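K.L.:
Sharing structure-v3.txt below, compact mmCIF, C-alpha atoms and all ligand atoms:
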```txt
# COMPACT_ATOMS: atom_id res chain seq x y z
CA MET C 740 83.91 94.16 80.47
CA ARG C 741 87.51 95.29 80.08
CA VAL C 742 90.28 94.34 82.54
CA VAL C 743 93.82 95.64 82.77
CA THR C 744 96.09 93.19 84.59
CA GLY C 745 99.76 92.58 85.37
CA VAL C 746 102.34 92.09 88.11
CA VAL C 747 103.43 95.23 89.95
CA GLY C 748 106.98 96.49 90.49
CA ASN C 749 110.16 94.54 89.83
CA ASP C 750 108.35 91.24 90.28
CA ILE C 751 109.07 88.59 87.63
CA HIS C 752 106.77 85.75 88.81
CA VAL C 753 104.97 85.15 85.54
CA VAL C 754 103.01 81.92 86.04
CA ALA C 755 100.11 83.45 88.00
CA ASN C 756 99.92 86.27 85.46
CA ARG C 757 99.43 83.81 82.59
CA LEU C 758 96.81 81.86 84.55
CA ILE C 759 94.95 85.06 85.36
CA GLU C 760 94.86 86.08 81.69
CA ILE C 761 93.52 82.65 80.66
CA SER C 762 90.95 82.59 83.47
CA LEU C 763 89.69 86.10 82.72
CA LYS C 764 89.30 85.27 79.02
CA GLU C 765 87.39 82.10 79.95
CA ARG C 766 85.02 84.40 81.85
CA ASP C 767 84.54 86.55 78.72
CA PHE C 768 86.51 89.57 79.90
CA GLU C 769 88.45 91.61 77.33
CA VAL C 770 91.98 91.41 78.79
CA PHE C 771 94.86 93.88 78.49
CA ASN C 772 97.76 92.04 80.11
CA LEU C 773 100.75 94.26 80.84
CA GLY C 774 102.72 91.25 82.14
CA VAL C 775 105.39 91.25 84.84
CA ASN C 776 107.58 94.22 85.87
CA THR C 777 104.82 96.82 85.54
CA TYR C 778 104.82 100.10 87.44
CA LEU C 779 101.73 101.64 89.00
CA GLU C 780 101.77 104.61 86.59
CA GLU C 781 101.74 102.19 83.63
CA PHE C 782 98.67 100.43 85.05
CA ILE C 783 96.86 103.76 85.44
CA ASP C 784 97.81 104.86 81.89
CA ALA C 785 96.48 101.57 80.51
CA VAL C 786 93.23 101.85 82.47
CA ILE C 787 92.65 105.30 80.99
CA GLU C 788 93.66 104.33 77.44
CA THR C 789 91.48 101.20 77.35
CA ASP C 790 88.62 102.72 79.37
CA ALA C 791 88.83 99.61 81.59
CA ASP C 792 86.19 98.56 84.10
CA VAL C 793 88.65 96.69 86.33
CA LEU C 794 92.30 96.97 87.29
CA LEU C 795 93.51 93.60 88.62
CA ILE C 796 97.04 93.76 90.02
CA SER C 797 99.12 90.78 91.16
CA SER C 798 102.07 90.75 93.51
CA LEU C 799 103.89 87.53 94.29
CA ASN C 800 107.11 88.65 95.94
CA GLY C 801 105.26 91.13 98.20
CA GLU C 802 106.56 94.33 96.60
CA ALA C 803 103.04 95.69 96.15
CA GLU C 804 103.12 97.07 99.65
CA GLY C 805 105.73 99.64 98.62
CA TRP C 806 104.31 100.47 95.20
CA SER C 807 100.71 100.79 96.34
CA ARG C 808 101.44 103.80 98.53
CA ASP C 809 101.13 106.04 95.43
CA LEU C 810 97.72 104.70 94.41
CA LEU C 811 95.55 107.29 96.17
CA PHE C 812 97.68 110.11 94.74
CA LEU C 813 97.26 108.74 91.19
CA LYS C 814 93.53 108.11 91.69
CA GLY C 815 93.20 111.74 92.79
CA ARG C 816 94.76 112.99 89.55
CA PHE C 817 92.37 111.19 87.17
CA ASP C 818 88.66 110.43 87.09
CA LEU C 819 88.71 106.72 87.95
CA ASP C 820 85.58 106.52 90.11
CA GLY C 821 83.91 103.88 87.93
CA VAL C 822 86.92 101.54 87.94
CA LEU C 823 87.09 98.54 90.30
CA PHE C 824 90.57 98.25 91.83
CA ALA C 825 91.53 94.69 92.87
CA ILE C 826 94.84 93.25 94.06
CA GLY C 827 95.89 89.71 94.97
CA GLY C 828 98.68 87.19 95.41
CA ASN C 829 101.25 87.34 98.24
CA LEU C 830 100.72 90.87 99.51
CA SER C 831 103.47 90.98 102.11
CA VAL C 832 107.17 90.27 102.29
CA GLY C 833 107.21 87.35 104.71
CA GLU C 834 104.22 86.18 106.73
CA ALA C 835 101.20 88.40 107.40
CA SER C 836 97.58 87.68 108.23
CA GLN C 837 94.58 88.73 106.15
CA GLU C 838 93.45 90.80 109.18
CA ASP C 839 96.61 92.91 108.87
CA ILE C 840 96.81 93.04 105.10
CA ILE C 841 93.24 93.75 103.99
CA PRO C 842 92.71 97.05 105.90
CA LYS C 843 96.17 98.24 104.91
CA TYR C 844 95.55 97.77 101.16
CA LYS C 845 92.01 99.17 101.41
CA ALA C 846 93.58 102.30 102.89
CA TYR C 847 95.90 102.42 99.87
CA GLY C 848 92.78 102.68 97.65
CA TYR C 849 91.93 99.13 96.56
CA ASP C 850 88.26 98.03 96.56
CA LEU C 851 89.00 94.29 96.75
CA VAL C 852 92.04 92.69 98.41
CA PHE C 853 92.92 88.98 98.09
CA HIS C 854 95.93 87.96 100.20
CA GLN C 855 96.77 84.28 99.53
CA VAL C 856 93.29 83.64 98.18
CA ASP C 857 92.44 81.08 95.49
CA LEU C 858 92.27 82.72 92.07
CA ASN C 859 88.80 81.51 91.14
CA GLU C 860 87.38 82.52 94.50
CA GLY C 861 88.78 86.03 93.87
CA LEU C 862 87.47 86.19 90.30
CA ASP C 863 84.01 85.08 91.50
CA LYS C 864 84.05 87.95 94.00
CA ILE C 865 85.14 90.44 91.32
CA GLU C 866 82.28 89.33 89.02
CA GLU C 867 79.79 89.48 91.88
CA THR C 868 80.94 93.02 92.75
CA LEU C 869 80.68 94.15 89.12
CA LYS C 870 77.13 92.75 88.90
CA LYS C 871 76.06 94.54 92.07
CA GLY C 872 77.80 97.74 91.00
CA LYS C 873 80.71 99.24 92.90
CA GLN C 874 79.43 100.75 96.20
C1 LIG C 901 108.83 79.84 90.64
C2 LIG C 901 109.24 80.85 91.70
C3 LIG C 901 110.26 81.75 91.37
C4 LIG C 901 110.90 81.82 89.99
C5 LIG C 901 109.98 82.67 89.09
C6 LIG C 901 110.06 82.26 87.64
C7 LIG C 901 109.06 83.05 86.80
N1 LIG C 901 109.58 83.76 85.82
O1 LIG C 901 107.88 83.05 87.08
C8 LIG C 901 112.26 82.50 90.34
C9 LIG C 901 113.24 81.42 90.74
C10 LIG C 901 112.88 83.37 89.26
C11 LIG C 901 111.88 83.28 91.60
C12 LIG C 901 112.55 84.39 92.05
C13 LIG C 901 112.27 85.03 93.26
N2 LIG C 901 111.37 84.62 94.18
CO1 LIG C 901 110.06 83.23 93.87
N3 LIG C 901 108.92 81.74 93.90
C14 LIG C 901 108.62 80.87 92.98
C15 LIG C 901 107.63 79.83 93.58
C16 LIG C 901 108.44 78.55 93.91
C17 LIG C 901 106.46 79.45 92.72
C18 LIG C 901 105.67 80.63 92.14
C19 LIG C 901 104.68 80.12 91.12
O2 LIG C 901 104.89 80.22 89.91
N4 LIG C 901 103.58 79.50 91.61
C20 LIG C 901 102.52 78.98 90.76
C21 LIG C 901 101.41 80.05 90.60
C22 LIG C 901 100.29 79.44 89.78
O3 LIG C 901 100.94 80.32 91.90
P1 LIG C 901 101.09 81.73 92.59
O4 LIG C 901 102.29 82.45 92.03
O5 LIG C 901 101.01 81.55 94.05
O6 LIG C 901 99.79 82.50 92.10
C23 LIG C 901 98.50 82.12 92.53
C24 LIG C 901 97.99 82.96 93.71
O7 LIG C 901 98.98 83.82 94.27
C25 LIG C 901 96.81 83.71 93.17
N5 LIG C 901 96.95 85.09 92.73
C26 LIG C 901 98.01 85.73 92.18
N6 LIG C 901 97.67 86.96 91.83
C27 LIG C 901 96.36 87.12 92.14
C28 LIG C 901 95.49 88.19 91.98
C29 LIG C 901 94.16 88.05 92.41
C30 LIG C 901 93.22 89.21 92.27
C31 LIG C 901 93.72 86.84 93.01
C32 LIG C 901 92.31 86.68 93.47
C33 LIG C 901 94.59 85.78 93.17
C34 LIG C 901 95.89 85.93 92.71
O8 LIG C 901 96.39 82.98 92.05
C35 LIG C 901 97.53 82.43 91.40
C36 LIG C 901 97.12 81.27 90.56
O9 LIG C 901 96.65 80.20 91.35
C37 LIG C 901 107.13 80.57 94.88
C38 LIG C 901 106.85 79.66 96.09
C39 LIG C 901 105.56 78.93 95.98
N7 LIG C 901 105.58 77.66 96.22
O10 LIG C 901 104.52 79.57 95.64
C40 LIG C 901 108.31 81.51 95.18
C41 LIG C 901 108.04 82.84 95.86
C42 LIG C 901 106.82 83.52 95.24
N8 LIG C 901 109.24 83.60 95.55
C43 LIG C 901 109.65 84.34 96.53
C44 LIG C 901 110.81 85.16 96.52
C45 LIG C 901 111.19 85.84 97.81
C46 LIG C 901 111.58 85.31 95.37
C47 LIG C 901 112.86 86.14 95.23
C48 LIG C 901 112.85 87.50 95.91
C49 LIG C 901 114.01 85.26 95.73
C50 LIG C 901 115.36 85.93 95.76
N9 LIG C 901 115.83 86.17 96.97
O11 LIG C 901 115.91 86.24 94.71
C51 LIG C 901 112.98 86.26 93.70
C52 LIG C 901 112.21 87.49 93.22
C53 LIG C 901 112.54 87.88 91.84
C54 LIG C 901 111.67 89.05 91.42
N10 LIG C 901 112.30 90.11 90.94
O12 LIG C 901 110.46 89.01 91.53
C55 LIG C 901 108.76 84.22 97.76
C56 LIG C 901 107.90 85.45 98.02
C57 LIG C 901 107.74 85.58 99.51
C58 LIG C 901 107.00 86.80 99.99
N11 LIG C 901 106.02 87.35 99.28
O13 LIG C 901 107.31 87.17 101.07
C59 LIG C 901 108.00 82.87 97.46
C60 LIG C 901 106.58 82.77 98.04
C61 LIG C 901 108.91 81.75 98.05
C62 LIG C 901 108.99 81.79 99.55
N12 LIG C 901 108.19 81.00 100.25
O14 LIG C 901 109.78 82.53 100.10
N13 LIG C 901 110.79 82.71 92.19
```
Spit out the file's structure as structure tokens when you get a sec.
P.N.:
Amino acid sequence: MRVVTGVVGNDIHVVANRLIEISLKERDFEVFNLGVNTYLEEFIDAVIETDADVLLISSLNGEAEGWSRDLLFLKGRFDLDGVLFAIGGNLSVGEASQEDIIPKYKAYGYDLVFHQVDLNEGLDKIEETLKKGKQ
């Protein structure tokens, strides 16, 4: 399975990004890591070019909330129905509950949303969803 990953927007928190790459490789994913400071359009280009099964975006400083508003528009322009869209990290600027954050990001077009969730718990859920097939 192929995964495109990276940190969205002008976010330079790199440590999680490195850990995610290592953890995905340990789980036998083929990883295309775009690193920090990556714009949504670049993620979509990479998903198309690599024919990825999963797009896994991180946001640590909370900027994802702004950038993600274009996701549905970009998904509408390309045939990305088979791709699993996941996002995780700190998904708000300041404090916010999972009850507020999860529906908001699902409305942006993500299939799986992990706000302040342990990385391995999230990766387990991604693998489980891929096994079951995206609904
Ligand atoms: C180190 C650090 C920095 C360093 C970054 C150095 C670097 N190049 O990486 C420096 C000092 C540069 C920095 C700058 C800033 N930072 Co900073 N930083 C941190 C700090 C202390 C640690 C981050 C870290 O590396 N943690 C270790 C990794 C392993 O953990 P993690 O990042 O949390 O990632 C884990 C999870 O989030 C999760 N995860 C991440 N992505 C995904 C995806 C999925 C799918 C899943 C399931 C899980 C998952 O798994 C990861 C691994 O366990 C945190 C506070 C903290 N204690 O967490 C603040 C923090 C992230 N920073 C913060 C802020 C605000 C900033 C600045 C805006 C500060 C400023 N005013 O300038 C700038 C932003 C710069 C930018 N353009 O992005 C805030 C963000 C708050 C928010 N979201 O509302 C935090 C939380 C501090 C705080 N409490 O206010 N920062």
K.L.:
List as a ChimeraX atom specification the protein and nucleic acid residues near Glu760 (chain C), meaning an atom at most 8 Å away when all atoms listed in the file are counted, but skip any in the same chain fewer than 3 places from it.
P.N.:
/C:744,756-757,763-764,770,772
K.L.:
Report as an mmCIF file with C-alpha atoms, keeping the file's coordinate frame which protein, DNA and RNA residues come within 6 Å of ligand LIG 901 (chain C), using all atoms listed in the file.
P.N.:
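What follows is the written file part.cif:
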```
data_model
loop_
_atom_site.group_PDB
_atom_site.id
_atom_site.type_symbol
_atom_site.label_atom_id
_atom_site.label_comp_id
_atom_site.auth_asym_id
_atom_site.auth_seq_id
_atom_site.Cartn_x
_atom_site.Cartn_y
_atom_site.Cartn_z
ATOM 1 C CA ASN C 749 110.160 94.540 89.830
ATOM 2 C CA ASP C 750 108.350 91.240 90.280
ATOM 3 C CA ILE C 751 109.070 88.590 87.630
ATOM 4 C CA HIS C 752 106.770 85.750 88.810
ATOM 5 C CA VAL C 753 104.970 85.150 85.540
ATOM 6 C CA VAL C 754 103.010 81.920 86.040
ATOM 7 C CA ALA C 755 100.110 83.450 88.000
ATOM 8 C CA LEU C 795 93.510 93.600 88.620
ATOM 9 C CA SER C 797 99.120 90.780 91.160
ATOM 10 C CA LEU C 799 103.890 87.530 94.290
ATOM 11 C CA ASN C 800 107.110 88.650 95.940
ATOM 12 C CA GLY C 801 105.260 91.130 98.200
ATOM 13 C CA ALA C 825 91.530 94.690 92.870
ATOM 14 C CA ILE C 826 94.840 93.250 94.060
ATOM 15 C CA GLY C 827 95.890 89.710 94.970
ATOM 16 C CA GLY C 828 98.680 87.190 95.410
ATOM 17 C CA ASN C 829 101.250 87.340 98.240
ATOM 18 C CA SER C 831 103.470 90.980 102.110
ATOM 19 C CA VAL C 832 107.170 90.270 102.290
ATOM 20 C CA GLY C 833 107.210 87.350 104.710
ATOM 21 C CA PHE C 853 92.920 88.980 98.090
ATOM 22 C CA GLN C 855 96.770 84.280 99.530
ATOM 23 C CA VAL C 856 93.290 83.640 98.180
ATOM 24 C CA ASP C 857 92.440 81.080 95.490
ATOM 25 C CA LEU C 858 92.270 82.720 92.070
ATOM 26 C CA GLY C 861 88.780 86.030 93.870
ATOM 27 C CA LEU C 862 87.470 86.190 90.300
#
```
K.L.:
Residues near Val743 (chain C), anyone? I mean within 9 Å using all atoms listed in the file, not counting same-chain ones fewer than 3 positions away, as a list in words.
P.N.:
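Listing them by chain and then by number gives Glu769, Val770, Phe771, Asn772, Leu773, Phe782, Ala785, Val786, Thr789, Ala791, Asp792, Val793, Leu794, Leu795 and Ile796 of chain C.
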K.L.:
Go ahead and dump the residues you just picked, C-alpha atoms, as a short mmCIF file (atom, residue, chain, number, x, y, z; two decimals), in the frame of the given file.
P.N.:
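As a result, result.cif now contains:
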```cif
data_model
loop_
_atom_site.label_atom_id
_atom_site.label_comp_id
_atom_site.auth_asym_id
_atom_site.auth_seq_id
_atom_site.Cartn_x
_atom_site.Cartn_y
_atom_site.Cartn_z
CA GLU C 769 88.45 91.61 77.33
CA VAL C 770 91.98 91.41 78.79
CA PHE C 771 94.86 93.88 78.49
CA ASN C 772 97.76 92.04 80.11
CA LEU C 773 100.75 94.26 80.84
CA PHE C 782 98.67 100.43 85.05
CA ALA C 785 96.48 101.57 80.51
CA VAL C 786 93.23 101.85 82.47
CA THR C 789 91.48 101.20 77.35
CA ALA C 791 88.83 99.61 81.59
CA ASP C 792 86.19 98.56 84.10
CA VAL C 793 88.65 96.69 86.33
CA LEU C 794 92.30 96.97 87.29
CA LEU C 795 93.51 93.60 88.62
CA ILE C 796 97.04 93.76 90.02
#
```
K.L.:
What is the CA of Lys864 (chain C) to CA of Leu851 (chain C) distance in Å?
P.N.:
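Those two atoms sit 8.5 Å apart.
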K.L.:
Return the single residue from C:Ser798, C:Val852, C:Lys870, C:Ile761 that is closest to Gln837 (chain C), with distances computed using all atoms listed in the file.
P.N.:
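Going through C:Ser798, C:Val852, C:Lys870, C:Ile761 one by one, the smallest distance to Gln837 (chain C) is for C:Val852.
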K.L.:
List as a PyMOL selection string the residues having at least one atom at most 9 Å from position (107.4, 100.8, 87.7) as given in the file, counting all atoms listed in the file.
P.N.:
chain C and resi 747-749+776-781+806
K.L.:
Store the residues picked out above, limited to C-alpha atoms, as an mmCIF file, in the coordinates of the input.
P.N.:
```
data_model
loop_
_atom_site.group_PDB
_atom_site.id
_atom_site.type_symbol
_atom_site.label_atom_id
_atom_site.label_comp_id
_atom_site.auth_asym_id
_atom_site.auth_seq_id
_atom_site.Cartn_x
_atom_site.Cartn_y
_atom_site.Cartn_z
ATOM 1 C CA VAL C 747 103.430 95.230 89.950
ATOM 2 C CA GLY C 748 106.980 96.490 90.490
ATOM 3 C CA ASN C 749 110.160 94.540 89.830
ATOM 4 C CA ASN C 776 107.580 94.220 85.870
ATOM 5 C CA THR C 777 104.820 96.820 85.540
ATOM 6 C CA TYR C 778 104.820 100.100 87.440
ATOM 7 C CA LEU C 779 101.730 101.640 89.000
ATOM 8 C CA GLU C 780 101.770 104.610 86.590
ATOM 9 C CA GLU C 781 101.740 102.190 83.630
ATOM 10 C CA TRP C 806 104.310 100.470 95.200
#
```
K.L.:
When you draw a straight line from CA of Glu834 (chain C) to CA of Leu811 (chain C), how long is it in Å?
P.N.:
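Value for the CA of Glu834 (chain C)-CA of Leu811 (chain C) distance: 25.1 Å.
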